[in-house]
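**Student:** Supplied structure: protein_17.cif, mmCIF, C-alpha atoms.
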data_upload
#
loop_
_atom_site.label_atom_id
_atom_site.label_comp_id
_atom_site.auth_asym_id
_atom_site.auth_seq_id
_atom_site.Cartn_x
_atom_site.Cartn_y
_atom_site.Cartn_z
CA MET A 1 -101.50 114.01 80.32
CA ASN A 2 -105.30 113.79 80.23
CA LEU A 3 -107.40 113.06 77.15
CA TYR A 4 -111.17 113.17 76.83
CA ALA A 5 -113.86 112.87 74.15
CA GLY A 6 -117.61 112.68 74.26
CA HIS A 7 -120.85 113.18 72.39
CA GLY A 8 -124.35 113.96 73.53
CA ASP A 9 -127.66 114.32 71.71
CA ARG A 10 -129.90 117.28 72.51
CA ASP A 11 -133.62 118.05 72.32
CA LEU A 12 -133.70 121.83 71.97
CA ASP A 13 -136.49 124.29 72.81
CA LEU A 14 -135.92 127.53 70.87
CA GLU A 15 -137.96 130.71 71.32
CA ARG A 16 -137.62 133.98 69.37
CA ARG A 17 -139.55 137.05 70.44
CA ILE A 18 -140.82 139.29 67.60
CA ALA A 19 -141.80 142.82 68.64
CA TYR A 20 -142.15 145.87 66.41
CA THR A 21 -144.42 148.86 65.72
CA LEU A 22 -145.62 150.08 62.32
CA VAL A 23 -146.73 153.65 61.70
CA LEU A 24 -149.77 153.85 59.42
CA ASN A 25 -150.57 156.99 57.36
CA ALA A 26 -147.50 158.79 58.69
CA GLY A 27 -147.90 162.56 58.77
CA GLN A 28 -151.62 162.39 58.03
CA PRO A 29 -154.47 163.40 60.35
CA ASN A 30 -155.47 159.75 60.64
CA GLN A 31 -151.96 158.56 61.55
CA SER A 32 -151.99 155.49 63.75
CA THR A 33 -149.71 152.73 64.90
CA LEU A 34 -149.90 148.96 64.74
CA GLY A 35 -147.95 146.90 67.23
CA VAL A 36 -146.93 143.28 66.79
CA ASN A 37 -145.75 141.11 69.66
CA ALA A 38 -145.41 137.45 68.79
CA LEU A 39 -143.38 134.40 69.68
CA ALA A 40 -141.82 131.99 67.18
CA VAL A 41 -140.91 128.56 68.55
CA ALA A 42 -139.12 125.47 67.31
CA ARG A 43 -138.00 122.17 68.82
CA PRO A 44 -135.15 120.81 66.71
CA ASP A 45 -132.80 117.97 67.47
CA GLY A 46 -129.11 118.65 68.01
CA GLY A 47 -125.84 117.23 69.15
CA HIS A 48 -122.70 118.31 70.99
CA THR A 49 -119.31 116.68 70.39
CA ARG A 50 -116.27 117.55 72.52
CA ALA A 51 -112.66 116.46 72.63
CA GLY A 52 -109.51 117.76 74.27
CA ALA A 53 -106.16 117.18 75.86
CA ALA A 54 -104.45 118.67 78.90
CA LEU A 55 -101.04 118.70 80.52
CA GLU A 56 -101.00 119.18 84.27
CA ARG A 57 -98.26 119.66 86.86
CA ASN A 58 -98.88 119.67 90.60
CA LEU A 59 -96.38 121.19 93.02
CA ALA A 60 -96.58 120.88 96.81
CA PHE A 61 -95.05 123.22 99.38
CA GLY A 62 -96.09 121.75 102.71
CA ALA A 63 -99.82 122.37 103.12
CA THR A 64 -99.88 124.66 100.06
CA SER A 65 -100.25 123.27 96.55
CA LEU A 66 -99.93 124.86 93.13
CA SER A 67 -101.42 123.26 90.02
CA LEU A 68 -100.52 124.34 86.48
CA ARG A 69 -102.59 123.30 83.47
CA LEU A 70 -102.23 123.75 79.70
CA ALA A 71 -105.16 122.45 77.68
CA SER A 72 -106.72 122.44 74.23
CA ASP A 73 -110.48 121.98 73.80
CA TRP A 74 -112.45 121.36 70.60
CA SER A 75 -116.23 121.56 70.43
CA ARG A 76 -118.86 121.15 67.72
CA VAL A 77 -122.57 121.88 68.18
CA VAL A 78 -124.99 120.76 65.46
CA ILE A 79 -128.60 121.96 65.20
CA GLU A 80 -130.69 119.99 62.73
CA PRO A 81 -132.99 121.77 60.18
CA PHE A 82 -136.15 123.25 61.65
CA VAL A 83 -139.14 125.44 60.80
CA GLU A 84 -140.54 127.79 63.42
CA SER A 85 -144.22 127.92 64.26
CA GLY A 86 -146.11 131.04 65.31
CA GLY A 87 -144.31 134.32 64.71
CA ALA A 88 -147.24 136.27 63.19
CA GLY A 89 -146.15 135.46 59.63
CA LEU A 90 -142.43 136.00 60.32
CA ALA A 91 -141.51 132.42 61.27
CA LEU A 92 -138.15 131.31 59.88
CA ALA A 93 -136.89 128.10 58.31
CA ARG A 94 -133.26 127.17 58.85
CA GLY A 95 -131.07 124.45 57.45
CA ARG A 96 -128.56 122.39 59.35
CA ASN A 97 -126.43 124.66 61.50
CA ARG A 98 -122.95 123.74 62.74
CA LEU A 99 -120.93 125.75 65.26
CA ILE A 100 -117.28 124.88 65.88
CA SER A 101 -114.95 126.20 68.55
CA HIS A 102 -111.29 125.46 69.31
CA THR A 103 -109.67 127.03 72.36
CA VAL A 104 -106.42 126.77 74.25
CA ASN A 105 -106.19 127.73 77.90
CA LEU A 106 -103.52 128.19 80.52
CA GLY A 107 -104.59 127.93 84.13
CA LEU A 108 -103.27 127.76 87.65
CA GLU A 109 -104.82 126.89 90.98
CA LEU A 110 -103.45 127.78 94.39
CA ALA A 111 -104.79 125.90 97.42
CA HIS A 112 -103.95 125.64 101.10
CA ALA A 113 -105.16 122.87 103.42
CA GLY A 114 -105.72 123.29 107.12
CA SER A 115 -107.10 120.95 109.76
CA PHE A 116 -109.70 121.68 112.43
CA GLY A 117 -111.55 119.63 114.98
CA GLY A 118 -114.08 118.26 112.51
CA GLY A 119 -111.89 117.59 109.48
CA VAL A 120 -109.86 119.35 106.79
CA PHE A 121 -110.67 122.72 105.17
CA GLN A 122 -109.05 123.69 101.84
CA PRO A 123 -109.76 127.07 100.21
CA TYR A 124 -108.47 127.63 96.68
CA LEU A 125 -108.13 130.28 94.00
CA ARG A 126 -108.19 129.39 90.30
CA ALA A 127 -107.45 131.56 87.25
CA THR A 128 -107.53 130.59 83.58
CA LEU A 129 -106.58 132.50 80.42
CA LEU A 130 -108.40 131.38 77.27
CA ARG A 131 -107.69 132.01 73.59
CA GLU A 132 -110.11 131.17 70.79
CA LEU A 133 -108.18 129.74 67.84
CA ARG A 134 -111.13 128.88 65.66
CA ALA A 135 -114.75 129.98 65.67
CA SER A 136 -117.65 129.63 63.26
CA PRO A 137 -118.08 132.50 60.75
CA PRO A 138 -120.23 135.40 61.96
CA LEU A 139 -122.89 134.80 59.26
CA ALA A 140 -126.11 132.83 59.61
CA ALA A 141 -128.65 132.16 56.85
CA ALA A 142 -132.38 131.53 57.10
CA ALA A 143 -135.56 132.04 55.07
CA PHE A 144 -139.14 132.97 55.83
CA ALA A 145 -141.15 129.79 56.35
CA ALA A 146 -144.04 131.22 54.29
CA ASP A 147 -141.78 131.91 51.30
CA PRO A 148 -142.21 129.02 48.83
CA ARG A 149 -138.90 129.92 47.13
CA ARG A 150 -137.06 130.05 50.47
CA THR A 151 -135.11 133.16 49.48
CA PRO A 152 -132.07 133.29 51.78
CA ILE A 153 -131.83 135.95 54.46
CA VAL A 154 -128.34 136.46 55.88
CA PHE A 155 -127.84 137.60 59.46
CA GLU A 156 -124.50 138.89 60.67
CA ARG A 157 -123.61 137.79 64.18
CA ASP A 158 -121.13 139.67 66.33
CA ALA A 159 -117.65 138.19 66.15
CA LEU A 160 -116.78 136.37 69.36
CA ASP A 161 -114.20 137.79 71.71
CA ARG A 162 -111.10 135.67 71.12
CA SER A 163 -109.28 136.36 74.41
CA TYR A 164 -110.79 136.31 77.88
CA ALA A 165 -110.30 134.83 81.34
CA GLU A 166 -112.08 132.90 84.06
CA ALA A 167 -111.50 133.22 87.80
CA ALA A 168 -112.90 131.17 90.67
CA LEU A 169 -112.77 131.25 94.46
CA GLY A 170 -113.92 128.23 96.41
CA ALA A 171 -113.36 125.83 99.27
CA VAL A 172 -113.62 122.11 99.97
CA THR A 173 -114.22 120.68 103.44
CA VAL A 174 -113.77 117.01 104.33
CA PHE A 175 -115.52 115.82 107.50
CA GLY A 176 -115.44 112.56 109.37
CA GLY A 177 -117.80 109.77 108.50
CA GLY A 178 -117.23 110.09 104.76
CA TRP A 179 -118.90 113.51 104.40
CA SER A 180 -117.51 116.36 102.31
CA ALA A 181 -118.84 119.70 101.06
CA PHE A 182 -117.81 122.35 98.56
CA ALA A 183 -118.72 125.86 97.43
CA GLU A 184 -117.41 127.87 94.48
CA LEU A 185 -117.97 131.26 92.84
CA GLU A 186 -116.73 131.53 89.24
CA GLY A 187 -116.76 134.56 86.95
CA LEU A 188 -116.03 135.27 83.30
CA LEU A 189 -113.70 138.27 82.89
CA GLY A 190 -112.64 140.40 79.94
CA ASN A 191 -115.22 139.10 77.46
CA ARG A 192 -117.00 141.91 75.65
CA ASP A 193 -119.93 139.69 74.63
CA PHE A 194 -120.87 137.95 77.87
CA ASP A 195 -121.02 138.56 81.61
CA GLN A 196 -121.29 135.39 83.60
CA PHE A 197 -121.07 134.53 87.28
CA LEU A 198 -121.81 131.04 88.60
CA PHE A 199 -122.21 129.90 92.18
CA SER A 200 -122.25 126.20 92.99
CA ALA A 201 -122.34 124.28 96.24
CA GLY A 202 -122.94 120.74 97.29
CA ALA A 203 -122.32 117.91 99.71
CA ARG A 204 -121.35 114.28 99.25
CA ARG A 205 -121.07 111.19 101.37
CA SER A 206 -118.78 108.31 100.50
CA PHE A 207 -119.58 104.78 101.60
#
Kindly return the structure encoded in the file as C-alpha coordinates.
**Tutor:**
Amino acid sequence: MNLYAGHGDRDLDLERRIAYTLVLNAGQPNQSTLGVNALAVARPDGGHTRAGAALERNLAFGATSLSLRLASDWSRVVIEPFVESGGAGLALARGRNRLISHTVNLGLELAHAGSFGGGVFQPYLRATLLRELRASPPLAAAAFAADPRRTPIVFERDALDRSYAEAALGAVTVFGGGWSAFAELEGLLGNRDFDQFLFSAGARRSF
(Lines of atoms letter the chains of each structure in order from A and count residues from 1; the text may use other names and numbers.)
(Lines give C-alpha, C1' and ligand atoms only; values in the text may rest on other atoms or scores of the structure.)
Protein backbone atom coordinates (compact mmCIF):
# COMPACT_ATOMS: atom_id res chain seq x y z
CA MET A 1 0.00 0.00 0.00
CA ASN A 2 1.30 3.46 -0.93
CA LEU A 3 0.35 6.71 0.81
CA TYR A 4 1.26 10.24 -0.23
CA ALA A 5 0.49 13.83 0.77
CA GLY A 6 1.88 17.15 -0.29
CA HIS A 7 1.31 20.88 -0.53
CA GLY A 8 2.69 23.51 -2.84
CA ASP A 9 2.26 27.28 -3.04
CA ARG A 10 1.57 28.89 -6.40
CA ASP A 11 2.11 32.30 -7.99
CA LEU A 12 -0.60 32.47 -10.65
CA ASP A 13 -0.77 34.56 -13.82
CA LEU A 14 -4.41 34.85 -14.94
CA GLU A 15 -5.56 36.42 -18.21
CA ARG A 16 -9.15 36.92 -19.40
CA ARG A 17 -9.84 38.13 -22.92
CA ILE A 18 -12.84 40.47 -23.31
CA ALA A 19 -14.16 40.84 -26.87
CA TYR A 20 -17.58 42.07 -27.95
CA THR A 21 -19.30 44.37 -30.47
CA LEU A 22 -22.04 46.91 -29.74
CA VAL A 23 -24.47 48.12 -32.40
CA LEU A 24 -25.19 51.84 -32.11
CA ASN A 25 -28.40 53.41 -33.50
CA ALA A 26 -29.66 50.03 -34.71
CA GLY A 27 -31.97 50.30 -37.71
CA GLN A 28 -31.18 53.97 -38.27
CA PRO A 29 -29.36 55.50 -41.25
CA ASN A 30 -26.44 56.33 -38.97
CA GLN A 31 -26.15 52.80 -37.57
CA SER A 32 -22.61 51.92 -36.56
CA THR A 33 -20.73 49.41 -34.48
CA LEU A 34 -18.29 49.72 -31.62
CA GLY A 35 -15.85 46.92 -30.95
CA VAL A 36 -14.09 46.25 -27.66
CA ASN A 37 -11.08 43.97 -27.38
CA ALA A 38 -9.36 44.12 -24.01
CA LEU A 39 -7.38 41.95 -21.64
CA ALA A 40 -7.99 41.69 -17.89
CA VAL A 41 -5.08 40.33 -15.85
CA ALA A 42 -4.45 39.31 -12.26
CA ARG A 43 -1.60 37.70 -10.34
CA PRO A 44 -3.05 36.09 -7.22
CA ASP A 45 -1.39 33.69 -4.82
CA GLY A 46 -2.65 30.13 -4.55
CA GLY A 47 -1.98 26.71 -3.16
CA HIS A 48 -2.44 23.06 -4.12
CA THR A 49 -2.85 20.31 -1.52
CA ARG A 50 -2.94 16.63 -2.51
CA ALA A 51 -3.29 13.35 -0.67
CA GLY A 52 -4.04 9.78 -1.67
CA ALA A 53 -3.64 6.08 -1.16
CA ALA A 54 -3.10 3.19 -3.55
CA LEU A 55 -3.11 -0.59 -3.50
CA GLU A 56 -0.88 -2.27 -6.06
CA ARG A 57 -0.31 -5.87 -7.11
CA ASN A 58 2.43 -6.95 -9.51
CA LEU A 59 2.26 -10.29 -11.32
CA ALA A 60 5.11 -11.76 -13.38
CA PHE A 61 4.83 -14.30 -16.19
CA GLY A 62 8.39 -14.79 -17.36
CA ALA A 63 9.45 -11.63 -19.19
CA THR A 64 5.88 -10.28 -19.12
CA SER A 65 4.52 -8.39 -16.13
CA LEU A 66 1.05 -7.20 -15.20
CA SER A 67 0.46 -4.47 -12.63
CA LEU A 68 -2.94 -3.75 -11.08
CA ARG A 69 -3.65 -0.56 -9.15
CA LEU A 70 -6.62 0.76 -7.16
CA ALA A 71 -6.20 4.30 -5.88
CA SER A 72 -8.05 7.21 -4.31
CA ASP A 73 -6.84 10.79 -4.85
CA TRP A 74 -7.98 13.97 -3.09
CA SER A 75 -7.03 17.44 -4.28
CA ARG A 76 -7.76 21.00 -3.16
CA VAL A 77 -6.75 24.11 -5.10
CA VAL A 78 -7.09 27.50 -3.39
CA ILE A 79 -6.91 30.84 -5.22
CA GLU A 80 -6.63 33.84 -2.92
CA PRO A 81 -8.80 36.98 -3.45
CA PHE A 82 -7.78 39.16 -6.37
CA VAL A 83 -8.85 42.18 -8.41
CA GLU A 84 -8.18 42.25 -12.14
CA SER A 85 -6.52 45.19 -13.84
CA GLY A 86 -7.27 46.38 -17.36
CA GLY A 87 -10.42 44.96 -18.93
CA ALA A 88 -11.81 48.23 -20.38
CA GLY A 89 -14.04 48.81 -17.35
CA LEU A 90 -15.10 45.17 -17.04
CA ALA A 91 -12.39 43.98 -14.64
CA LEU A 92 -13.67 41.59 -11.98
CA ALA A 93 -13.02 41.19 -8.27
CA ARG A 94 -13.19 37.71 -6.80
CA GLY A 95 -13.05 36.41 -3.27
CA ARG A 96 -11.19 33.36 -2.09
CA ASN A 97 -11.91 30.45 -4.42
CA ARG A 98 -11.56 26.81 -3.40
CA LEU A 99 -11.81 23.85 -5.79
CA ILE A 100 -11.98 20.32 -4.41
CA SER A 101 -11.77 17.02 -6.27
CA HIS A 102 -11.94 13.42 -5.06
CA THR A 103 -11.42 10.60 -7.54
CA VAL A 104 -10.99 6.86 -7.48
CA ASN A 105 -9.22 5.04 -10.28
CA LEU A 106 -8.59 1.48 -11.37
CA GLY A 107 -5.63 0.86 -13.62
CA LEU A 108 -3.53 -1.85 -15.17
CA GLU A 109 -0.20 -1.90 -16.94
CA LEU A 110 1.09 -4.64 -19.20
CA ALA A 111 4.82 -4.73 -19.98
CA HIS A 112 7.23 -7.09 -21.69
CA ALA A 113 11.02 -6.97 -21.35
CA GLY A 114 13.44 -8.10 -24.00
CA SER A 115 17.22 -7.97 -24.22
CA PHE A 116 19.37 -6.81 -27.12
CA GLY A 117 23.05 -6.22 -27.64
CA GLY A 118 23.08 -2.84 -25.92
CA GLY A 119 20.77 -3.48 -22.97
CA VAL A 120 17.13 -4.15 -22.10
CA PHE A 121 14.06 -2.78 -23.92
CA GLN A 122 10.64 -2.79 -22.20
CA PRO A 123 7.52 -1.50 -23.98
CA TYR A 124 4.34 -1.13 -21.95
CA LEU A 125 0.66 -0.31 -22.25
CA ARG A 126 -1.25 1.38 -19.43
CA ALA A 127 -4.99 2.01 -19.04
CA THR A 128 -6.81 3.71 -16.17
CA LEU A 129 -10.52 4.20 -15.46
CA LEU A 130 -11.35 7.24 -13.31
CA ARG A 131 -14.50 8.19 -11.41
CA GLU A 132 -15.07 11.61 -9.86
CA LEU A 133 -16.75 11.19 -6.47
CA ARG A 134 -16.73 14.82 -5.43
CA ALA A 135 -16.30 18.04 -7.34
CA SER A 136 -16.78 21.71 -6.54
CA PRO A 137 -20.25 23.14 -7.35
CA PRO A 138 -20.66 24.50 -10.88
CA LEU A 139 -21.25 28.07 -9.64
CA ALA A 140 -18.69 30.86 -9.34
CA ALA A 141 -19.31 34.36 -7.97
CA ALA A 142 -17.54 37.62 -8.77
CA ALA A 143 -18.25 41.35 -8.91
CA PHE A 144 -17.21 44.23 -11.14
CA ALA A 145 -14.11 45.86 -9.66
CA ALA A 146 -15.53 49.33 -10.39
CA ASP A 147 -18.75 48.60 -8.47
CA PRO A 148 -18.38 50.12 -4.98
CA ARG A 149 -21.18 47.86 -3.66
CA ARG A 150 -19.58 44.75 -5.16
CA THR A 151 -22.93 43.37 -6.33
CA PRO A 152 -22.42 39.63 -6.87
CA ILE A 153 -22.43 38.20 -10.37
CA VAL A 154 -22.91 34.43 -10.54
CA PHE A 155 -21.39 32.39 -13.35
CA GLU A 156 -22.48 28.84 -14.03
CA ARG A 157 -19.65 26.52 -15.00
CA ASP A 158 -20.22 23.32 -16.93
CA ALA A 159 -20.47 20.29 -14.66
CA LEU A 160 -17.36 18.14 -14.92
CA ASP A 161 -17.52 14.77 -16.59
CA ARG A 162 -17.51 12.28 -13.73
CA SER A 163 -16.31 9.19 -15.63
CA TYR A 164 -13.43 9.03 -18.10
CA ALA A 165 -10.26 7.10 -18.87
CA GLU A 166 -6.57 7.55 -19.56
CA ALA A 167 -4.42 5.39 -21.83
CA ALA A 168 -0.67 5.42 -22.40
CA LEU A 169 1.81 3.65 -24.65
CA GLY A 170 5.50 3.88 -23.87
CA ALA A 171 8.85 2.17 -23.59
CA VAL A 172 11.87 2.16 -21.29
CA THR A 173 15.36 1.20 -22.44
CA VAL A 174 18.25 0.48 -20.08
CA PHE A 175 21.75 0.68 -21.57
CA GLY A 176 25.15 -0.15 -20.21
CA GLY A 177 27.15 2.40 -18.30
CA GLY A 178 24.21 3.52 -16.17
CA TRP A 179 22.24 5.12 -19.04
CA SER A 180 18.49 4.73 -19.52
CA ALA A 181 15.86 6.42 -21.70
CA PHE A 182 12.08 6.54 -21.90
CA ALA A 183 9.28 7.79 -24.15
CA GLU A 184 5.53 7.87 -23.52
CA LEU A 185 2.36 9.03 -25.27
CA GLU A 186 -0.66 9.48 -22.98
CA GLY A 187 -4.21 10.46 -23.91
CA LEU A 188 -7.39 11.39 -22.08
CA LEU A 189 -10.40 9.42 -23.39
CA GLY A 190 -14.15 9.72 -22.93
CA ASN A 191 -14.16 13.15 -21.27
CA ARG A 192 -16.68 15.49 -22.86
CA ASP A 193 -14.98 18.61 -21.46
CA PHE A 194 -11.32 18.07 -22.35
CA ASP A 195 -9.14 16.55 -25.05
CA GLN A 196 -5.60 15.99 -23.93
CA PHE A 197 -2.60 14.19 -25.39
CA LEU A 198 0.84 14.34 -23.77
CA PHE A 199 4.16 13.15 -25.14
CA SER A 200 7.16 12.90 -22.85
CA ALA A 201 10.67 11.59 -23.35
CA GLY A 202 13.92 11.74 -21.49
CA ALA A 203 17.24 10.17 -20.61
CA ARG A 204 19.01 9.56 -17.31
CA ARG A 205 22.40 8.43 -16.16
CA SER A 206 22.99 6.80 -12.80
CA PHE A 207 26.32 7.11 -11.04
**Student:** Quote the spacing between CA of Arg76 in chain A and CA of Arg98 in chain A in Å to one decimal place.
**Tutor:**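 These two atoms are separated by 6.9 Å.
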**Student:** Do you know which residues lie at most 12 Å from (-143.0, 123.2, 63.5), with coordinates as in the file and only C-alpha atoms counted, and could you write them as a short mmCIF file (atom, residue, chain, number, x, y, z; two decimals) with C-alpha atoms, in the frame of the given file?
**Tutor:**
data_model
loop_
_atom_site.label_atom_id
_atom_site.label_comp_id
_atom_site.auth_asym_id
_atom_site.auth_seq_id
_atom_site.Cartn_x
_atom_site.Cartn_y
_atom_site.Cartn_z
CA ASP A 13 -136.49 124.29 72.81
CA LEU A 14 -135.92 127.53 70.87
CA GLU A 15 -137.96 130.71 71.32
CA ALA A 40 -141.82 131.99 67.18
CA VAL A 41 -140.91 128.56 68.55
CA ALA A 42 -139.12 125.47 67.31
CA ARG A 43 -138.00 122.17 68.82
CA PRO A 44 -135.15 120.81 66.71
CA PRO A 81 -132.99 121.77 60.18
CA PHE A 82 -136.15 123.25 61.65
CA VAL A 83 -139.14 125.44 60.80
CA GLU A 84 -140.54 127.79 63.42
CA SER A 85 -144.22 127.92 64.26
CA GLY A 86 -146.11 131.04 65.31
CA GLY A 87 -144.31 134.32 64.71
CA ALA A 91 -141.51 132.42 61.27
CA LEU A 92 -138.15 131.31 59.88
CA ALA A 93 -136.89 128.10 58.31
CA ARG A 94 -133.26 127.17 58.85
CA ALA A 145 -141.15 129.79 56.35
#
**Student:** How would you write, as a CSV table (one decimal) with C-alpha atoms, keeping the file's coordinate frame, the residues chosen by the PyMOL selection byres ((chain A and resi 59) around 12) on this structure?
**Tutor:**
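Once written, part_38.csv looks like this:
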chain,number,residue,atom,x,y,z
A,56,GLU,CA,-101.0,119.2,84.3
A,57,ARG,CA,-98.3,119.7,86.9
A,58,ASN,CA,-98.9,119.7,90.6
A,60,ALA,CA,-96.6,120.9,96.8
A,61,PHE,CA,-95.0,123.2,99.4
A,62,GLY,CA,-96.1,121.8,102.7
A,63,ALA,CA,-99.8,122.4,103.1
A,64,THR,CA,-99.9,124.7,100.1
A,65,SER,CA,-100.2,123.3,96.6
A,66,LEU,CA,-99.9,124.9,93.1
A,67,SER,CA,-101.4,123.3,90.0
A,68,LEU,CA,-100.5,124.3,86.5
A,69,ARG,CA,-102.6,123.3,83.5
A,108,LEU,CA,-103.3,127.8,87.6
A,109,GLU,CA,-104.8,126.9,91.0
A,110,LEU,CA,-103.4,127.8,94.4
A,111,ALA,CA,-104.8,125.9,97.4
A,112,HIS,CA,-104.0,125.6,101.1
**Student:** Which is closer to Gly95 in chain A than all the others in A:Leu70, A:Val120, A:Leu55, A:Ile153, using only C-alpha atoms?
**Tutor:**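 Smallest separation from Gly95 in chain A among the options: A:Ile153.
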**Student:** What lies within 12 Å of Asn191 in chain A using all atoms listed in the file, ignoring chain neighbours under 2 positions off, as a PDB file with C-alpha atoms, in the coordinates of the input?
**Tutor:**
ATOM      1  CA  LEU A 129    -106.580 132.500  80.420  1.00  0.00           C
ATOM      2  CA  LEU A 130    -108.400 131.380  77.270  1.00  0.00           C
ATOM      3  CA  ARG A 131    -107.690 132.010  73.590  1.00  0.00           C
ATOM      4  CA  GLU A 132    -110.110 131.170  70.790  1.00  0.00           C
ATOM      5  CA  ALA A 159    -117.650 138.190  66.150  1.00  0.00           C
ATOM      6  CA  LEU A 160    -116.780 136.370  69.360  1.00  0.00           C
ATOM      7  CA  ASP A 161    -114.200 137.790  71.710  1.00  0.00           C
ATOM      8  CA  ARG A 162    -111.100 135.670  71.120  1.00  0.00           C
ATOM      9  CA  SER A 163    -109.280 136.360  74.410  1.00  0.00           C
ATOM     10  CA  TYR A 164    -110.790 136.310  77.880  1.00  0.00           C
ATOM     11  CA  ALA A 165    -110.300 134.830  81.340  1.00  0.00           C
ATOM     12  CA  GLU A 166    -112.080 132.900  84.060  1.00  0.00           C
ATOM     13  CA  GLY A 187    -116.760 134.560  86.950  1.00  0.00           C
ATOM     14  CA  LEU A 188    -116.030 135.270  83.300  1.00  0.00           C
ATOM     15  CA  LEU A 189    -113.700 138.270  82.890  1.00  0.00           C
ATOM     16  CA  ASP A 193    -119.930 139.690  74.630  1.00  0.00           C
ATOM     17  CA  PHE A 194    -120.870 137.950  77.870  1.00  0.00           C
ATOM     18  CA  ASP A 195    -121.020 138.560  81.610  1.00  0.00           C
ATOM     19  CA  GLN A 196    -121.290 135.390  83.600  1.00  0.00           C
TER      20      GLN A 196
END
**Student:** Using CA of Leu185 in chain A and CA of Pro123 in chain A as the two end points, give the distance in Å to one decimal.
**Tutor:** 11.8 Å
**Student:** Using all atoms of range 9-13 of chain A that appear in the file, construct an axis-aligned enclosing box with 4 Å of padding on every side and provide its centre coordinates and edge lengths in Å, rounded to one decimal, as JSON.
**Tutor:**
{"center_x": -132.1, "center_y": 119.3, "center_z": 72.3, "size_x": 16.8, "size_y": 18.0, "size_z": 9.1}
**Student:** Could you jot down the CA of Ala201 in chain A to CA of Trp74 in chain A separation for me, Å, one decimal place?
**Tutor:**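 Rounded to one decimal, the two atoms are 27.6 Å apart.
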**Student:** Which residue gives the smallest distance to Gly119 in chain A among A:Pro152, A:Gly107, A:Gly35, A:Gly177, with only C-alpha atoms counted?
**Tutor:** A:Gly177
**Student:** Between A:Ser115, A:Asn25, A:Asn2, A:Gln122, which residue has the minimum interatomic distance to Ala71 in chain A, considering only C-alpha atoms?
**Tutor:**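 Closest residue, counting only C-alpha atoms: A:Asn2.
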**Student:** Return as a list in words the set of residues that the PyMOL selection byres ((chain A and resi 78) around 10) yields on the displayed structure.
**Tutor:** Asp9, Arg10, Asp45, Gly46, Gly47, His48, Thr49, Arg76, Val77, Ile79, Glu80, Pro81, Arg96, Asn97, Arg98, Leu99 and Ile100 of chain A
**Student:** On this structure, which residues satisfy the PyMOL selection byres ((chain A and resi 179) around 10), written as a ChimeraX atom specification?
**Tutor:** /A:119,173-178,180-181,203-207
**Student:** Measuring atom to atom with all atoms listed in the file, identify which of A:Ser75, A:Ala142, A:Ser101, A:Phe199 is nearest to Phe155 in chain A.
**Tutor:**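 So, comparing all the options, the nearest one is A:Ala142.
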**Student:** Return the single residue from A:Arg50, A:His102, A:Arg134, A:Arg17 that is closest to Ala88 in chain A, with distances computed using all atoms listed in the file.
**Tutor:**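 The closest residue to Ala88 in chain A is A:Arg17.
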